[in-house]
Amino acid sequence: MATMASLFLKTPGPSQSLPKTHKTRFVLPQNLPLSWRSKYRAGAAAVRIRCGLIDPDGGKLVELVVEEPQRDLKRRQALSLPQIKLSKIDIQWVHVLSEGWASPLKGFMRESEFLQTLHFNSLRLGDGSVVNMSVPIVLAIDDSNKNNIGESSSVALVDDKDNPIAILNDVEIYKHNKEERTARTWGTTAPGLPYAEQAITHAGNWLIGGDLEVIEPIKYHDGLDRFRLSPAELRDEFTRRNADAVFAFQLRNPVHNGHALLMTDTRRRLLEMGYKNPVLLLHPLGGYTKADDVPLEWRMKQHEMVLEDGVLDPETTVVSIFPSPMHYAGPTEVQWHAKARINAGANFYIVGRDPAGMGHPLEKRDLYDADHGKKVLSMAPGLERLNILPFKVAAYDKTQNGMAFFDPSRPQDFLFISGTKMRTLAKNKESPPDGFMCPGGWKVLVDYYDNLTPSENGRVPEPVPV
C-alpha cells in the first residue's frame with residue numbers, strides 16, 4: 001500500500017516548464033460562474049492567463065521563525081523577559097502568523113490593526129493598498145499579566161510547561177472589548193458560540209500586540225506534522241508540479257463523492273479556460289474545531305482512503321493541513337479562509353453553501369444565510385485577485401446510483417444526505433447509498449464513531465502543539 005506521504009505529496013514526472021504568461025484563445029463556457037465572467041471584458045476574444053503563482057498579500061511572504069543559529073540566543077533572552085502563558089488556541093495562532101498565512105501581519109495585532117479588522121475587514125498598508133483581514137488575530141492578557149509586563153517593550157510567550165515559544169517585541173497593550181469583538185465577528189452576542197466560549201468570554205480584559213519572533217517551527221508530534229506545509233512549502237510544491245493554476249478547497253468534514261465531483265469538475269472547467277496544469281489544494285482545517293466535528297486525525301485517515309481509492313487524483317492533488325483555529329463566523333470568517341490561501345499561492349477558491357457557518361446557538365435555524373458567504377467573497381475588499389468558484393449543488397442521483405449535479409427538472413430523482421444524516425448513519429454502523437462515499441473512507445468514519453467513549457464526551461482528544 002502506498003504511504004500517506006507518497007499519496008499526498010507525489011510529484012509528477014518532469015514536464016516542460018511553463019512560461020510566466022501565455023495567451024490562450026477560448027470561448028467562455030456557458031456554465032461559467034458570473035464571478036469568473038466579471039474578470040474579463042464581455043466579448044473579449046483573447047484572455048491573458050497568468051501561469052506563475054499569485055503574489056502573497058503585501059507582495060512578500062512574511063516568515064517569523066528565527067534562523068537556527070539564533071535560536072539558543074533567543075531562548076536565553078526569553079528567560080529574562082516577563083512571560084505570558086499561551087493557551088492551545090494561542091499557539092495555533094502563533095503557528096499561523098509564523099508561517100505567513102496572515103501576511104503581511106508580522107505578529108499579534110496592535111489596536112489600529114484590530115479596529116480595521118473589526119470594522120473594515122481589511123488592512124490599509126503603508127503604500128495605500130488594501131489587503132483583506134476579516135478575523136482578529138489577537139492575544140488576550142489579564143490584569144496580572146499587564147502589571148507584570150510594566151514598562152517592558154518585549155515579552156516572552158511560553159507554553160503550559162513554561163517552554164519559550166516566541167518573543168513579542170515593541171508591544172502595545174489596549175482594551176479588550178469582548179462584546180464589540182464578538183458582535184462584529186459573529187453578528188450576534190448570543191451565548192453558545194463555540195470559539196467565543198473557548199477563547200474570548202473567559203479571556204483577559206486586555207489585548208497585547210507586537211512583532212513576533214518565533215523561536216522554532218511549531219510542531220505537534222502527532223504523526224501529521226509532515227502534512228502541515230507552510231505557504232512557502234506549498235508554493236515550492238506547486239512550482240515543482242508546474243502548476244499554472246491552484247484551486248483551493250477548504251473542509252472540516254470527511255470528503256464524500258459530491259465533494260470529489262465538485263473538485264474534478266472545477267479542474268475540467270479550468271482546463272477548458274486554457275490552463276494546462278491546474279492543481280487542487282485540498283486543505284482541511286487543523287486548528288480548534290467544535291466538539292461535534294470529526295477530529296483532524298480521523299479526517300486525515302479518511303482523506304488518505306479517498307486518494308487510495310482513486311476518488312481524487314494524487315498526481316494533481318496536494319493535501320495539506322491548514323493550521324488555523326475555526327471561528328464558525330460565516331461570511332466574516334470565509335474571507336479569512338480565502339485570504340490565507342492567496343498567501344499559499346492559490347488563485348481560485350471553491351466556496352459552497354453556508355461556508356464557515358453553524359446553527360444558531362439558541363434557535364433552530366442557521367446562524368447565517370446560506371448564500372451570503374459566496375456573495376460576500378465576490379465583493380470583499382482585498383480579495384479582488386482571487387477568483388471565487390461557487391459550488392454547483394451536488395446530490396445523490398438515484399437513477400445513476402452516485403453523486404451528480406442536481407437537475408431541477410427531475411427533483412424526485414435526487415436525495416440530499418446532510419452532514420447530520422451522514423453522522424447518524426456512521427454512528428449506527430449503517431451504510432449510505434452506494435456511490436455516496438468510497439468504501440474505505442466510509443469505514444474510517446464508522447471506526448471513528450465506534451471508538452468514541454462516553455468519558456470523552458463524544459470527542460477524541462486533539463493533539464497539543466509543542
# chains A, B, ... in the order shown; residues from 1 in each chain; ligands from 1
$ residues_around --residues "Glu99 of chain A" --least-positions-apart "2" --cutoff "9 Å" --atoms "only C-alpha atoms" --output "PyMOL selection string"
chain A and resi 61-65+94-97+101-103+217+230-232
$ write_last_selection --atoms "N, CA, C and O atoms" --output "PDB file, in the first residue's frame"
ATOM      1  N   LEU A  61       5.964  37.131   1.268  1.00  0.00           N
ATOM      2  CA  LEU A  61       5.517  36.212   2.303  1.00  0.00           C
ATOM      3  C   LEU A  61       6.262  36.504   3.605  1.00  0.00           C
ATOM      4  O   LEU A  61       7.490  36.553   3.633  1.00  0.00           O
ATOM      5  N   VAL A  62       5.514  36.729   4.675  1.00  0.00           N
ATOM      6  CA  VAL A  62       6.104  37.006   5.981  1.00  0.00           C
ATOM      7  C   VAL A  62       6.402  35.690   6.688  1.00  0.00           C
ATOM      8  O   VAL A  62       5.505  34.865   6.872  1.00  0.00           O
ATOM      9  N   GLU A  63       7.644  35.474   7.061  1.00  0.00           N
ATOM     10  CA  GLU A  63       8.039  34.278   7.799  1.00  0.00           C
ATOM     11  C   GLU A  63       8.751  34.730   9.072  1.00  0.00           C
ATOM     12  O   GLU A  63       9.732  35.468   9.011  1.00  0.00           O
ATOM     13  N   LEU A  64       8.261  34.281  10.225  1.00  0.00           N
ATOM     14  CA  LEU A  64       8.669  34.847  11.502  1.00  0.00           C
ATOM     15  C   LEU A  64       9.460  33.884  12.377  1.00  0.00           C
ATOM     16  O   LEU A  64       9.719  34.195  13.543  1.00  0.00           O
ATOM     17  N   VAL A  65       9.851  32.739  11.849  1.00  0.00           N
ATOM     18  CA  VAL A  65      10.642  31.782  12.624  1.00  0.00           C
ATOM     19  C   VAL A  65      12.104  32.221  12.607  1.00  0.00           C
ATOM     20  O   VAL A  65      12.673  32.515  11.551  1.00  0.00           O
ATOM     21  N   VAL A  94       0.006  31.535  16.850  1.00  0.00           N
ATOM     22  CA  VAL A  94       1.442  31.746  16.647  1.00  0.00           C
ATOM     23  C   VAL A  94       1.907  30.966  15.420  1.00  0.00           C
ATOM     24  O   VAL A  94       2.680  31.473  14.593  1.00  0.00           O
ATOM     25  N   HIS A  95       1.443  29.733  15.287  1.00  0.00           N
ATOM     26  CA  HIS A  95       1.764  28.905  14.125  1.00  0.00           C
ATOM     27  C   HIS A  95       1.332  29.608  12.837  1.00  0.00           C
ATOM     28  O   HIS A  95       2.108  29.732  11.882  1.00  0.00           O
ATOM     29  N   VAL A  96       0.086  30.069  12.814  1.00  0.00           N
ATOM     30  CA  VAL A  96      -0.448  30.756  11.628  1.00  0.00           C
ATOM     31  C   VAL A  96       0.408  31.963  11.262  1.00  0.00           C
ATOM     32  O   VAL A  96       0.795  32.156  10.099  1.00  0.00           O
ATOM     33  N   LEU A  97       0.699  32.795  12.241  1.00  0.00           N
ATOM     34  CA  LEU A  97       1.482  34.000  11.996  1.00  0.00           C
ATOM     35  C   LEU A  97       2.913  33.684  11.565  1.00  0.00           C
ATOM     36  O   LEU A  97       3.465  34.323  10.667  1.00  0.00           O
ATOM     37  N   TRP A 101       0.667  32.800   6.882  1.00  0.00           N
ATOM     38  CA  TRP A 101      -0.715  32.670   6.417  1.00  0.00           C
ATOM     39  C   TRP A 101      -1.447  34.011   6.477  1.00  0.00           C
ATOM     40  O   TRP A 101      -2.340  34.269   5.679  1.00  0.00           O
ATOM     41  N   ALA A 102      -1.076  34.846   7.453  1.00  0.00           N
ATOM     42  CA  ALA A 102      -1.727  36.146   7.628  1.00  0.00           C
ATOM     43  C   ALA A 102      -0.913  37.292   7.044  1.00  0.00           C
ATOM     44  O   ALA A 102      -1.153  38.449   7.386  1.00  0.00           O
ATOM     45  N   SER A 103       0.058  36.995   6.182  1.00  0.00           N
ATOM     46  CA  SER A 103       0.853  38.062   5.568  1.00  0.00           C
ATOM     47  C   SER A 103      -0.075  39.170   5.065  1.00  0.00           C
ATOM     48  O   SER A 103      -1.133  38.893   4.495  1.00  0.00           O
ATOM     49  N   PRO A 217      10.049  26.264  14.611  1.00  0.00           N
ATOM     50  CA  PRO A 217       8.773  25.907  13.995  1.00  0.00           C
ATOM     51  C   PRO A 217       7.855  25.174  14.980  1.00  0.00           C
ATOM     52  O   PRO A 217       8.308  24.342  15.767  1.00  0.00           O
ATOM     53  N   SER A 230       3.843  24.753   5.105  1.00  0.00           N
ATOM     54  CA  SER A 230       3.735  26.203   5.194  1.00  0.00           C
ATOM     55  C   SER A 230       3.394  26.778   3.818  1.00  0.00           C
ATOM     56  O   SER A 230       3.518  26.096   2.789  1.00  0.00           O
ATOM     57  N   PRO A 231       2.972  28.048   3.750  1.00  0.00           N
ATOM     58  CA  PRO A 231       2.758  28.670   2.443  1.00  0.00           C
ATOM     59  C   PRO A 231       3.989  28.588   1.542  1.00  0.00           C
ATOM     60  O   PRO A 231       3.855  28.331   0.335  1.00  0.00           O
ATOM     61  N   ALA A 232       5.191  28.772   2.107  1.00  0.00           N
ATOM     62  CA  ALA A 232       6.401  28.694   1.291  1.00  0.00           C
ATOM     63  C   ALA A 232       6.596  27.284   0.751  1.00  0.00           C
ATOM     64  O   ALA A 232       6.972  27.095  -0.425  1.00  0.00           O
TER      65      ALA A 232
END
$ select_by_dssp --residues "segment 142-215 of chain A" --states "alpha helix (DSSP H)" --output "ChimeraX atom specification"
/A:143-149,178-186,194-199
$ write_last_selection --atoms "C-alpha atoms" --output "tab-separated table (two decimals), in the first residue's frame"
chain	number	residue	atom	x	y	z
A	143	ASP	CA	-4.61	42.42	34.80
A	144	SER	CA	-1.85	40.35	36.42
A	145	ASN	CA	-0.05	39.93	33.08
A	146	LYS	CA	-0.40	43.65	32.35
A	147	ASN	CA	1.05	44.63	35.71
A	148	ASN	CA	3.88	42.14	35.35
A	149	ILE	CA	4.83	43.50	31.92
A	178	LYS	CA	-15.23	41.42	24.21
A	179	GLU	CA	-18.79	42.41	23.38
A	180	GLU	CA	-17.71	44.58	20.43
A	181	ARG	CA	-15.33	41.88	19.18
A	182	THR	CA	-17.99	39.18	19.39
A	183	ALA	CA	-20.73	41.29	17.83
A	184	ARG	CA	-18.57	42.43	14.91
A	185	THR	CA	-17.15	38.96	14.23
A	186	TRP	CA	-20.31	36.85	14.53
A	194	PRO	CA	-18.03	27.74	20.30
A	195	TYR	CA	-14.91	29.82	19.61
A	196	ALA	CA	-16.12	32.74	21.73
A	197	GLU	CA	-16.81	30.44	24.66
A	198	GLN	CA	-13.39	28.86	24.25
A	199	ALA	CA	-11.19	31.89	23.59
$ closest_residue --among "A:Gly204, A:Gly310, A:Pro278, A:Gly373" --to "Trp336 of chain A" --atoms "only C-alpha atoms"
A:Gly373
$ closest_atom_pairs --of "segment 363-388 of chain A" --to "segment 340-359 of chain A" --cutoff "6 Å" --atoms "only C-alpha atoms" --output "JSON lines"
{"residue": "A:Arg365", "atom": "CA", "partner": "A:Gly359", "partner_atom": "CA", "distance": 5.8}
{"residue": "A:Asp366", "atom": "CA", "partner": "A:Gly359", "partner_atom": "CA", "distance": 4.2}
{"residue": "A:Leu367", "atom": "CA", "partner": "A:Gly359", "partner_atom": "CA", "distance": 5.2}
{"residue": "A:Ala370", "atom": "CA", "partner": "A:Asp354", "partner_atom": "CA", "distance": 4.0}
{"residue": "A:Gly373", "atom": "CA", "partner": "A:Pro355", "partner_atom": "CA", "distance": 5.9}
{"residue": "A:Leu386", "atom": "CA", "partner": "A:Asn347", "partner_atom": "CA", "distance": 5.1}
{"residue": "A:Asn387", "atom": "CA", "partner": "A:Phe348", "partner_atom": "CA", "distance": 4.6}
{"residue": "A:Ile388", "atom": "CA", "partner": "A:Tyr349", "partner_atom": "CA", "distance": 5.1}
$ residues_around --residues "Gln83 of chain A" --least-positions-apart "2" --cutoff "10 Å" --atoms "only C-alpha atoms" --output "ChimeraX atom specification"
/A:78-81,85-86,145,148-149,154-159,162,164,167
$ select_by_dssp --residues "segment 201-405 of chain A" --states "strand (DSSP E or B)" --output "ChimeraX atom specification"
/A:206-214,245-251,278-285,317-319,322,348-351,359,366,387-390,394-397,402-405
$ write_last_selection --atoms "C-alpha atoms" --output "mmCIF file, in the first residue's frame"
data_model
loop_
_atom_site.group_PDB
_atom_site.id
_atom_site.type_symbol
_atom_site.label_atom_id
_atom_site.label_comp_id
_atom_site.auth_asym_id
_atom_site.auth_seq_id
_atom_site.Cartn_x
_atom_site.Cartn_y
_atom_site.Cartn_z
ATOM 1 C CA TRP A 206 -6.584 43.427 27.668
ATOM 2 C CA LEU A 207 -5.038 42.645 24.288
ATOM 3 C CA ILE A 208 -1.323 42.811 23.574
ATOM 4 C CA GLY A 209 0.088 43.270 20.092
ATOM 5 C CA GLY A 210 3.585 43.386 18.694
ATOM 6 C CA ASP A 211 6.122 41.884 16.324
ATOM 7 C CA LEU A 212 6.754 38.151 16.708
ATOM 8 C CA GLU A 213 9.996 36.256 16.745
ATOM 9 C CA VAL A 214 9.096 32.558 16.857
ATOM 10 C CA ALA A 245 -3.420 27.486 -11.585
ATOM 11 C CA VAL A 246 -4.093 26.440 -7.991
ATOM 12 C CA PHE A 247 -7.665 25.951 -6.808
ATOM 13 C CA ALA A 248 -8.230 25.582 -3.072
ATOM 14 C CA PHE A 249 -10.948 23.638 -1.295
ATOM 15 C CA GLN A 250 -11.246 24.053 2.469
ATOM 16 C CA LEU A 251 -13.090 21.487 4.526
ATOM 17 C CA PRO A 278 -4.397 23.207 -12.614
ATOM 18 C CA VAL A 279 -3.578 21.667 -9.221
ATOM 19 C CA LEU A 280 -6.043 21.127 -6.377
ATOM 20 C CA LEU A 281 -5.106 22.201 -2.855
ATOM 21 C CA LEU A 282 -7.284 20.035 -0.614
ATOM 22 C CA HIS A 283 -6.834 21.895 2.637
ATOM 23 C CA PRO A 284 -8.514 20.530 5.785
ATOM 24 C CA LEU A 285 -8.604 22.878 8.733
ATOM 25 C CA THR A 317 -3.895 16.976 -5.755
ATOM 26 C CA VAL A 318 -1.923 18.307 -2.810
ATOM 27 C CA VAL A 319 -3.424 17.571 0.623
ATOM 28 C CA PHE A 322 -4.332 24.494 7.373
ATOM 29 C CA PHE A 348 -9.040 30.112 -7.315
ATOM 30 C CA TYR A 349 -11.142 29.349 -4.240
ATOM 31 C CA ILE A 350 -14.116 26.981 -4.156
ATOM 32 C CA VAL A 351 -16.932 28.144 -1.897
ATOM 33 C CA GLY A 359 -26.565 26.516 13.601
ATOM 34 C CA ASP A 366 -28.823 28.512 10.639
ATOM 35 C CA ASN A 387 -11.284 34.021 -8.414
ATOM 36 C CA ILE A 388 -14.269 32.766 -6.406
ATOM 37 C CA LEU A 389 -15.805 29.494 -7.588
ATOM 38 C CA PRO A 390 -19.297 28.913 -6.172
ATOM 39 C CA ALA A 394 -24.483 18.080 -5.836
ATOM 40 C CA ALA A 395 -26.822 15.386 -4.524
ATOM 41 C CA TYR A 396 -27.272 11.629 -4.727
ATOM 42 C CA ASP A 397 -28.857 10.692 -8.052
ATOM 43 C CA GLY A 402 -23.982 8.079 -7.457
ATOM 44 C CA MET A 403 -23.405 11.755 -6.724
ATOM 45 C CA ALA A 404 -24.337 14.127 -9.535
ATOM 46 C CA PHE A 405 -25.154 17.775 -10.068
#
$ atom_distance --atom1 "atom CA of Arg299 of chain A" --atom2 "atom CA of Lys429 of chain A"
17.4 Å
$ closest_residue --among "A:His372, A:Arg228, A:Arg385, A:Arg241" --to "Val131 of chain A" --atoms "only C-alpha atoms"
A:Arg385
$ closest_residue --among "A:Phe108, A:Tyr275, A:Phe406, A:Phe114" --to "Lys175 of chain A" --atoms "only C-alpha atoms"
A:Phe114
